[in-house]
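Everything on this sheet refers to the single structure shown next.
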Amino acid sequence: MTDKFHSELKDLKKGVSDMARFALSMLQDSQDAFINQDDALATTVLDRKDQLREKTVTLEENCYQLIALNQPMAKDMRTIVCSLKVIAASERIGRYGKSTAKIVKEIAGKPHIANMMSLPLMSEYVLAMIDDSIKAYETENIRKLDGFSARDDAIDALRHSIFRESITYMMENPKIITQATYYIIIARYLERCGDHACKIAENVQYMETGERIEIK
Amino acid sequence: MSDKTIISTKNLNLWYNEKHALQDISMEIEKKKTTALIGPSGCGKSTLLRCFNRMNDLINQVKITGELLLDQENMLSCDMDVVSLRKRVGMVFQRPNPFPKSIYENVAYGPRVHGINDRKELDTIVEKSLKHAALWEEVRDRLDESALGLSGGQQQRLCIARTLAVEPEVILMDEPCSALDPIATAKIENLIEMLKEDYTVIIVTHNMQQAARVSDYTGFMYLGKLIEYDRTTNIFEHPREDLTENYITGRFG
Amino acid sequence: MFILLFLLRDGYPIFETVGIANFLFGSTWAPTAIEPSYGIFALIVGTILVTLGAMIFAVPLSIGCAIYISELASPRVKSVLKPATELLAGIPSVVYGFFGLIILTTFIRTTFDIPTGQTWLAGSILLGIMALPTIISVSEDAISSVPREYHEGSLATGATRWQTISRAVVPAALSGVAAAIILGVGRAIGETMAVMMVTGNAAIIPDPIWNVLSPIRTLTGTLGIEMGEVSIGSDHYHALFGVAVVLLVIALIVNFSAVAILSYLRDGRTASHKSTLRLKYPLVTTLRERFSQWWRIAALALLVLLLLITALWWVALLVILAAALWHYGRNRLSRKHIELIAFAVVTAAALIVLAILAIILGDIIVNGLPALSWDFLTQSPTNLGRGGGIFPAIIGTLYLVTGAILIALPLGVGAAIYLVEYTREGRVTRIIRTGVDLLNGTPSIVFGLFGFAFIVLFLNVGVSLLAGMITLALMVLPTVIRTTEESLKNIPQSLREGSLALGATQWQTIKNVVIPPAVPGIVTGAILSIGRAAGETAPIMFTAVVFSTRFLPNSLFDPVMALPYHLYILSTNVPGASTNKYGTALVLVMLVVAFYTVAILVRNHYAKKAGG
């Protein structure tokens with residue numbers, strides 16, 4: 001393979017990890033906006049939606065080009081395939097960030113219920129998982145992926161607890177039903193993002209070793 | 001013809017005896033860009049390439065009509081000095097053809113033939129050309145050994161160095177990698193990337209991926225006609241002609 | 001370069017004769033009789049008979065040897081045999097004649113109990129030996145060029161190696177072998193010195209016609225013997241030139257057909273003709289198959305008849321026995337056994353050829369060695385050559401050869417370069433090339449005559465070193481052109497293209513890229529030519545030499561002594577002086593062998609370099 005191909009491959013990985021961090025930052029900011037009820041921050045997240053789309057399209061095109069022109073083999077092929085999946089997952093994560101920001105704008109001004117239940121904790125876990133999976137992609141080090149299964153279980157447990165808590169609060173106080181429902185929705189979003197992080201992790205494992213695993 | 005163009009043809013026709021090998025070829029090659037010619041076997045791409053440095057003169061029974069300009073000068077006129085034309089337009093062939101001389105003498109052949117005999121000057125030219133051809137590091141200690149002892153890929157780079165030694169403006173490459181293994185091919189492609197900055201490169205190739213990788217412009221030829229000539233990205237992503245699309249997707253040829 | 005054409009055109013008018021129609025068919029040749037008659041029929045018959053005999057002797061032997069070399073010999077044996085055959089080709093004809101005179105004729109005389117051994121038989125055997133190397137090398141070339149696919153295809157059907165060789169390979173190489181035989185015939189027809197020395201030179205038709213023990217004379221012998229004694233301008237003189245014309249025409253026809261077949265063969269190897277050639281091969285084999293049965297029986301019967309009549313009845317018996325054995329045994333003996341027998345026969349052929357070479361060389365070396373001494377090499381001859389040394393002859397030969405090569409090399413290389421590089425294949429080149437080939441096939445005596453008539457007389461240069469040099473140069477010119485052409489053609493076209501693409505002119509390309517790798521081939525050709533020129537007698541016989549001069553030539557216009565001529569005169573006209581004869585022969589052979597060895601070494605050295 002020519003030098004050009006290898007340098008383009010490196011650039012691709014850099015671009016993909018940049019995009020993943022961009023999406024992560026969208027999710028992060030949306031969470032901060034939620035916690036601090038920061039309407040302006042939520043708006044910036046919404047504004048980044050187009051940029052995210054652009055990055056997705058460009059990076060995907062790059063991947064297709066590399067495959068069409070160079071017929072990559074082995075690790076190179078797995079890298080490109082993994083990158084495509086990371087791009088897809090990152091886009092979803094970013095969009096969840098955007099959706100969360102939209103919710104923030106909806107409930108802005110309204111005070112929090114029950115100290116937001118365990119949402120901040122859950123978001124902390126999820127953000128950390130996504131960050132670790134991106135790091136694993138960047139450094140091609142799969143040690144970071146140990147324990148993902150346990151962490152995913154923890155996140156699922158938190159979602160269940162938020163769900164039950166919200167239902168309880170809704171039964172007690174019908175006036176906060178809308179807000180509590182939104183809490184459930186945000187928890188749902190966070191759980192999905194956690195799943196995407198697991199997907200990224202599985203693909204990084206494939207990229208590294210060719211092995212297919214499933215993180216439950 | 002804009003001043004970005006270095007070679008242009010208009011209604012170029014070529015006959016081998018009765019065979020009408022090139023039909024009404026009109027194209028403009030842009031300076032310091034890489035242009036690829038693709039097409040199935042026998043479509044005339046090598047013939048067209050050989051027109052650009054009048055190598056077809058070596059074959060009997062060849063008749064050429066039409067316009068063929070190098071930097072505004074008519075290449076086909078009798079006044080055109082073929083010898084100096086070939087200094088400005090160099091050629092690398094499909095099978096490496098180093099002379100049975102030493103590596104040094106191979107590269108120095110061109111300058112010598114054009115009158116440079118000063119040893120110091122030749123030393124400089126040889127080193128520069130070998131460096132440009134990405135061969136210097138591998139042969140710097142054995143310049144006096146026979147060129148025939150090099151591997152295929154090295155020999156081809158030597159031929160490129162030999163061409164560079166006469167400081168051409170245009171480099172014609174006739175399927176330069178088809179006789180080489182994949183590693184050597186990759187090295188040549190790296191080389192073409194580097195040469196792009198200083199030379200105009202016209203490359204004939206069977207390998208479509210290669211054409212798409214290295215060239216800025218691509219011309220698709222079929223049965224002696226130039227079917228489509230456009231930026232490479234356009235040709236390979238959304239060609240205008242059905243014929244082009246069929247060829248690129250491998251439906252024929 | 002157009003000297004070739006000039007030569008041809010010029011040769012003919014010179015040979016203006018008192019051309020009479022019955023010249024060809026008059027049966028008596030007695031120019032010195034009171035009423036001279038110039039019928040050369042007897043001479044033509046003589047040439048034909050001697051050649052025929054030579055072929056009967058040479059063809060089976062050389063084909064067997066060729067088969068052995070190309071198919072059976074291990075590489076080590078091959079590397080001995082091939083140079084050996086080339087060496088055989090290099091021995092000068094006068095040395096053969098010498099050997100024939102001394103050994104062969106004595107042998108025949110004692111075996112058959114006749115007054116003199118100088119007979120048709122001697123001439124045929126000698127000519128056969130001389131034709132061997134030509135036939136062997138061309139046949140061997142043809143056989144080894146048969147594509148491997150034929151071998152493999154045949155073996156894959158379960159045929160034994162011998163069956164493969166006899167049924168598939170040799171028939172495929174048939175045209176090449178035929179060309180080889182024709183070339184051998186050409187060589188035999190044109191041979192002068194050897195026949196002059198051993199055939200007895202009686203211009204009669206043997207009676208009965210198959211009497212191999214009768215003396216006989218050939219066209220070439222006539223020229224050689226009588227040219228020296230004739231008066232210039234007389235009828236006799238013109239008649240001799242007429243003989244030369246006839247000889248030339250015959251030789252040209254023979255050589256032309258050989259060349260035509262060879263070039264057909266060579267062209268047939270290129271891809272475009274392969275299909276047509278393959279079509280021809282089945283034709284040959286089917287014909288052969290169909291007639292083989294009858295052929296064999298008929299040929300056998302003829303042979304037996306012939307042998308019976310010539311009273312060699314014991315040989316006839318042997319042949320009948322062999323035929324019977326073969327016919328009955330054929331279905332009994334396994335193929336393996338047939339193969340063994342056949343291989344044995346073929347190996348025997350090769351061994352016989354080697355033996356011949358050994359005998360000739362051995363005889364000369366053994367008897368000549370005692371004659372060699374420093375004095376011998378550095379003194380002038382005394383007592384009509386019976387004593388003293390051969391120094392002037394050695395010097396003379398060296399002068400002649402140097403001069404010849406100095407003339408021939410530039411001319412020949414130039415002509416070859418012109419033919420290969422500057423012209424396109426067309427009528428002109430083909431005419432020139434035909435001219436060169438024909439020149440190649442011209443008998444050496446004709447060169448001598450031409451040299452005499454044109455250079456010595458017409459240009460009034462006189463019998464001199466210069467005349468000899470020019471004649472020799474003309475003789476080796478075609479060889480030089482041929483070998484140079486071959487070497488140049490071997491340079492791949494891609495090198496020329498590479499050079500031209502860099503902006504070199506055609507001359508620069510030729511000078512720097514084409515010629516240097518071709519030099520070994522050119523040098524080899526030049527050295528071979530020198531070797532040939534050194535050994536030739538006929539061309540210099542009338543143009544340059546005298547038998548003995550005490551002093552070395554002072555200028556180009558003096559006549560000179562030369563080794564081959566010295567040997568000739570010593571052996572035929574000077575009785576006694578046996579040691580000196582052998583010594584001369586040995587020196588000559590050593591000189592020629594040295595040249596040939598150097599040429600072969602050069603060629604091998606560069607072949608190895610190119611291969612590695």
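Residue numbering restarts at 1 in every chain; chains get A, B, ... in the order shown in the structure tokens, and ligands count up from 1 in that same order.
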Legend entry - Contact residues (chain A, partner chain B, 9 Å, only C-alpha atoms) as a PyMOL selection string: chain A and resi 1-4+68-71
Write out the residues from the selection above, keeping N, CA and C atoms, as a PDB file, in the first residue's frame.
```pdb
ATOM      1  N   MET A   1       0.839  -1.200   0.000  1.00  0.00           N
ATOM      2  CA  MET A   1       0.000   0.000   0.000  1.00  0.00           C
ATOM      3  C   MET A   1       0.867   1.240   0.000  1.00  0.00           C
ATOM      4  N   THR A   2       0.397   2.256  -0.658  1.00  0.00           N
ATOM      5  CA  THR A   2       1.230   3.452  -0.764  1.00  0.00           C
ATOM      6  C   THR A   2       1.208   4.230   0.539  1.00  0.00           C
ATOM      7  N   ASP A   3       2.205   5.103   0.640  1.00  0.00           N
ATOM      8  CA  ASP A   3       2.274   5.985   1.807  1.00  0.00           C
ATOM      9  C   ASP A   3       1.027   6.827   1.894  1.00  0.00           C
ATOM     10  N   LYS A   4       0.548   7.204   0.719  1.00  0.00           N
ATOM     11  CA  LYS A   4      -0.626   8.075   0.694  1.00  0.00           C
ATOM     12  C   LYS A   4      -1.783   7.402   1.408  1.00  0.00           C
ATOM     13  N   ALA A  68     -12.829   1.894  -2.021  1.00  0.00           N
ATOM     14  CA  ALA A  68     -12.939   1.733  -3.469  1.00  0.00           C
ATOM     15  C   ALA A  68     -11.593   1.815  -4.153  1.00  0.00           C
ATOM     16  N   LEU A  69     -10.749   2.713  -3.687  1.00  0.00           N
ATOM     17  CA  LEU A  69      -9.520   2.931  -4.432  1.00  0.00           C
ATOM     18  C   LEU A  69      -8.399   2.010  -4.018  1.00  0.00           C
ATOM     19  N   ASN A  70      -8.448   1.486  -2.769  1.00  0.00           N
ATOM     20  CA  ASN A  70      -7.247   0.809  -2.294  1.00  0.00           C
ATOM     21  C   ASN A  70      -7.392  -0.655  -1.973  1.00  0.00           C
ATOM     22  N   GLN A  71      -8.597  -1.159  -1.960  1.00  0.00           N
ATOM     23  CA  GLN A  71      -8.789  -2.570  -1.639  1.00  0.00           C
ATOM     24  C   GLN A  71      -8.008  -2.972  -0.395  1.00  0.00           C
TER      25      GLN A  71
END
```
Legend entry - Within 9 Å of segment 408-422 of chain C using only C-alpha atoms, minus same-chain residues under 2 positions, as a ChimeraX atom specification: /C:1-2,403-406,424-425,429,432-433,470,472-486,488-489,506,510,522,526
May I have a table of the residues of segment 3-52 of chain A lying at most 10 Å from segment 104-121 of chain A, giving each one's closest pair of atoms and their distance in Å to one decimal, counting only C-alpha atoms, ordered by chain and ascending residue number, as CSV?
```
residue,atom,partner,partner_atom,distance
A:Ser30,CA,A:Val104,CA,7.7
A:Gln31,CA,A:Pro120,CA,7.9
A:Asp32,CA,A:Pro120,CA,9.0
A:Ala33,CA,A:Val104,CA,6.9
A:Phe34,CA,A:Val104,CA,5.5
A:Ile35,CA,A:Pro120,CA,7.3
A:Asn36,CA,A:Ala108,CA,9.5
A:Gln37,CA,A:Ala108,CA,5.8
A:Asp38,CA,A:Ala108,CA,7.5
A:Asp39,CA,A:Lys105,CA,5.8
A:Ala40,CA,A:Lys105,CA,8.8
A:Leu41,CA,A:Val104,CA,9.6
A:Ala42,CA,A:Val104,CA,6.7
A:Thr43,CA,A:Lys105,CA,7.9
```
Legend entry - Secondary structure check, helix (DSSP H, G or I) residues of segment 2-238 of chain B, as a ChimeraX atom specification: /B:45-51,55-58,82-88,103-113,119-132,136-139,147-149,152-164,182-195,208-214,232-237
Inset, instruction - Using only C-alpha atoms, determine which residues lie at most 12 Å from Val259 of chain C, disregarding the query and same-chain residues fewer than 4 positions distant; provide the list as a ChimeraX atom specification. - result: /C:138,175-176,178-183,186,252-255,263-267,433-438,440-441
Suppose we keep C-alpha atoms; can you now write the selection as a PDB file, in the first residue's frame?
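Generated output (selection.pdb):
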```
ATOM      1  CA  VAL C 138      23.242 -27.074 -38.415  1.00  0.00           C
ATOM      2  CA  SER C 175      13.653 -29.037 -42.831  1.00  0.00           C
ATOM      3  CA  GLY C 176      16.564 -27.886 -40.726  1.00  0.00           C
ATOM      4  CA  ALA C 178      17.634 -31.032 -44.943  1.00  0.00           C
ATOM      5  CA  ALA C 179      19.127 -27.571 -45.041  1.00  0.00           C
ATOM      6  CA  ALA C 180      22.130 -28.866 -43.152  1.00  0.00           C
ATOM      7  CA  ILE C 181      22.670 -31.606 -45.680  1.00  0.00           C
ATOM      8  CA  ILE C 182      22.368 -29.179 -48.534  1.00  0.00           C
ATOM      9  CA  LEU C 183      24.888 -26.905 -46.906  1.00  0.00           C
ATOM     10  CA  GLY C 186      27.646 -27.049 -50.950  1.00  0.00           C
ATOM     11  CA  LEU C 252      24.921 -20.733 -55.755  1.00  0.00           C
ATOM     12  CA  ILE C 253      21.945 -22.911 -56.516  1.00  0.00           C
ATOM     13  CA  VAL C 254      22.838 -25.251 -53.713  1.00  0.00           C
ATOM     14  CA  ASN C 255      23.441 -22.529 -51.191  1.00  0.00           C
ATOM     15  CA  SER C 263      15.074 -18.724 -43.329  1.00  0.00           C
ATOM     16  CA  TYR C 264      11.713 -20.387 -43.773  1.00  0.00           C
ATOM     17  CA  LEU C 265      12.519 -22.366 -40.688  1.00  0.00           C
ATOM     18  CA  ARG C 266      13.613 -19.304 -38.744  1.00  0.00           C
ATOM     19  CA  ASP C 267      10.579 -17.300 -39.710  1.00  0.00           C
ATOM     20  CA  ARG C 433      21.259  -9.866 -47.845  1.00  0.00           C
ATOM     21  CA  THR C 434      20.854 -12.369 -50.633  1.00  0.00           C
ATOM     22  CA  GLY C 435      24.060 -11.069 -52.102  1.00  0.00           C
ATOM     23  CA  VAL C 436      25.836 -11.599 -48.824  1.00  0.00           C
ATOM     24  CA  ASP C 437      24.521 -15.119 -48.457  1.00  0.00           C
ATOM     25  CA  LEU C 438      25.518 -16.019 -51.972  1.00  0.00           C
ATOM     26  CA  ASN C 440      29.130 -16.823 -48.368  1.00  0.00           C
ATOM     27  CA  GLY C 441      28.480 -19.900 -50.413  1.00  0.00           C
TER      28      GLY C 441
END
```
Inset, instruction - Determine, counting only C-alpha atoms, which protein, DNA and RNA residues have an atom within 6 Å of an atom of Val204 of chain A; residues of the same chain fewer than 3 positions away are not included. Present the result as a list in words. - result: Tyr137, Ala201 and Met207 of chain A
Inset, instruction - Define the interface residues of chain B facing chain C as those within 7 Å, counting only C-alpha atoms, and report them as number ranges by chain. - result: B: 83-84, 86-87, 90-91, 97, 99, 110, 113, 163
Inset, instruction - Pick out the residues sitting within 8 Å of segment 124-127 of chain B, and hand them over as a VMD selection string; count only C-alpha atoms, and ignore anything fewer than 6 positions along from it in its own chain. - result: chain B and resid 104 107 to 108 136 165
Write the residues you've just listed into a file as a tab-separated table (two decimals), in the first residue's frame, and include C-alpha atoms for each of them.
```
chain	number	residue	atom	x	y	z
B	104	TYR	CA	25.78	5.77	-12.89
B	107	VAL	CA	21.46	7.98	-15.45
B	108	ALA	CA	24.29	9.98	-17.01
B	136	TRP	CA	19.43	7.21	-4.10
B	165	ALA	CA	18.13	13.48	-15.60
```
Legend entry - Atomic distance atom CA of Val80 of chain C - atom CA of Gly535 of chain C, expressed in Å with one decimal: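 Separation between atom CA of Val80 of chain C and atom CA of Gly535 of chain C: 23.1 Å.
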Legend entry - Separation of atom CA of Lys55 of chain A from atom CA of Asp18 of chain A, in Å and rounded to one decimal: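 We find that atom CA of Lys55 of chain A and atom CA of Asp18 of chain A lie 9.5 Å from each other.
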Legend entry - Spatial neighbours of Glu191 of chain A, max dist 8 Å, only C-alpha atoms, sep filter under 3 positions, as a list in words: Val126, Ile155, Asp156, Arg159, Ala187, Arg188, Gly194 and Asp195 of chain A
Legend entry - Shell of 10 Å around Arg161 of chain C, only C-alpha atoms, local chain residues under 3 positions omitted, as a ChimeraX atom specification: /C:71-72,151,154-155,158,164-167,335-336,339,343
Please produce an output containing N, CA and C atoms for each residue in the selection, written as a compact mmCIF listing (two decimals), in the first residue's frame.
```txt
# COMPACT_ATOMS: atom_id res chain seq x y z
N GLU C 71 20.33 -34.58 -27.97
CA GLU C 71 19.36 -35.29 -27.15
C GLU C 71 19.96 -36.08 -26.02
N LEU C 72 21.08 -36.72 -26.29
CA LEU C 72 21.54 -37.70 -25.31
C LEU C 72 22.69 -37.23 -24.44
N HIS C 151 8.58 -32.81 -27.39
CA HIS C 151 9.13 -33.85 -26.52
C HIS C 151 8.09 -34.29 -25.52
N SER C 154 5.01 -36.10 -26.71
CA SER C 154 5.26 -37.48 -27.09
C SER C 154 5.50 -38.37 -25.87
N LEU C 155 6.33 -37.90 -24.97
CA LEU C 155 6.61 -38.70 -23.78
C LEU C 155 5.35 -38.92 -22.97
N GLY C 158 3.45 -41.94 -23.52
CA GLY C 158 4.05 -43.21 -23.14
C GLY C 158 5.11 -43.70 -24.11
N THR C 164 10.39 -40.99 -29.24
CA THR C 164 10.16 -39.56 -29.32
C THR C 164 11.11 -38.92 -30.30
N ILE C 165 12.38 -39.28 -30.17
CA ILE C 165 13.37 -38.66 -31.03
C ILE C 165 13.12 -39.02 -32.48
N SER C 166 12.93 -40.31 -32.73
CA SER C 166 12.88 -40.70 -34.13
C SER C 166 11.56 -40.35 -34.78
N ARG C 167 10.51 -40.32 -33.99
CA ARG C 167 9.23 -40.11 -34.65
C ARG C 167 8.70 -38.70 -34.54
N ARG C 335 10.46 -52.33 -26.60
CA ARG C 335 10.83 -50.98 -27.01
C ARG C 335 12.09 -50.53 -26.29
N LYS C 336 12.21 -51.00 -25.09
CA LYS C 336 13.39 -50.61 -24.33
C LYS C 336 14.64 -51.06 -25.04
N GLU C 339 15.39 -49.13 -28.01
CA GLU C 339 15.95 -47.85 -27.61
C GLU C 339 17.43 -47.99 -27.30
N PHE C 343 20.26 -46.05 -29.24
CA PHE C 343 21.15 -45.13 -28.54
C PHE C 343 22.60 -45.53 -28.73
```
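Proximity of B:Met75, B:Leu69, B:Ile7, B:Ala133 to Arg157 of chain B, computed with only C-alpha atoms, is greatest for B:Ala133.
Atom CA of Leu528 of chain C sits 11.8 Å away from atom CA of Ile91 of chain C.
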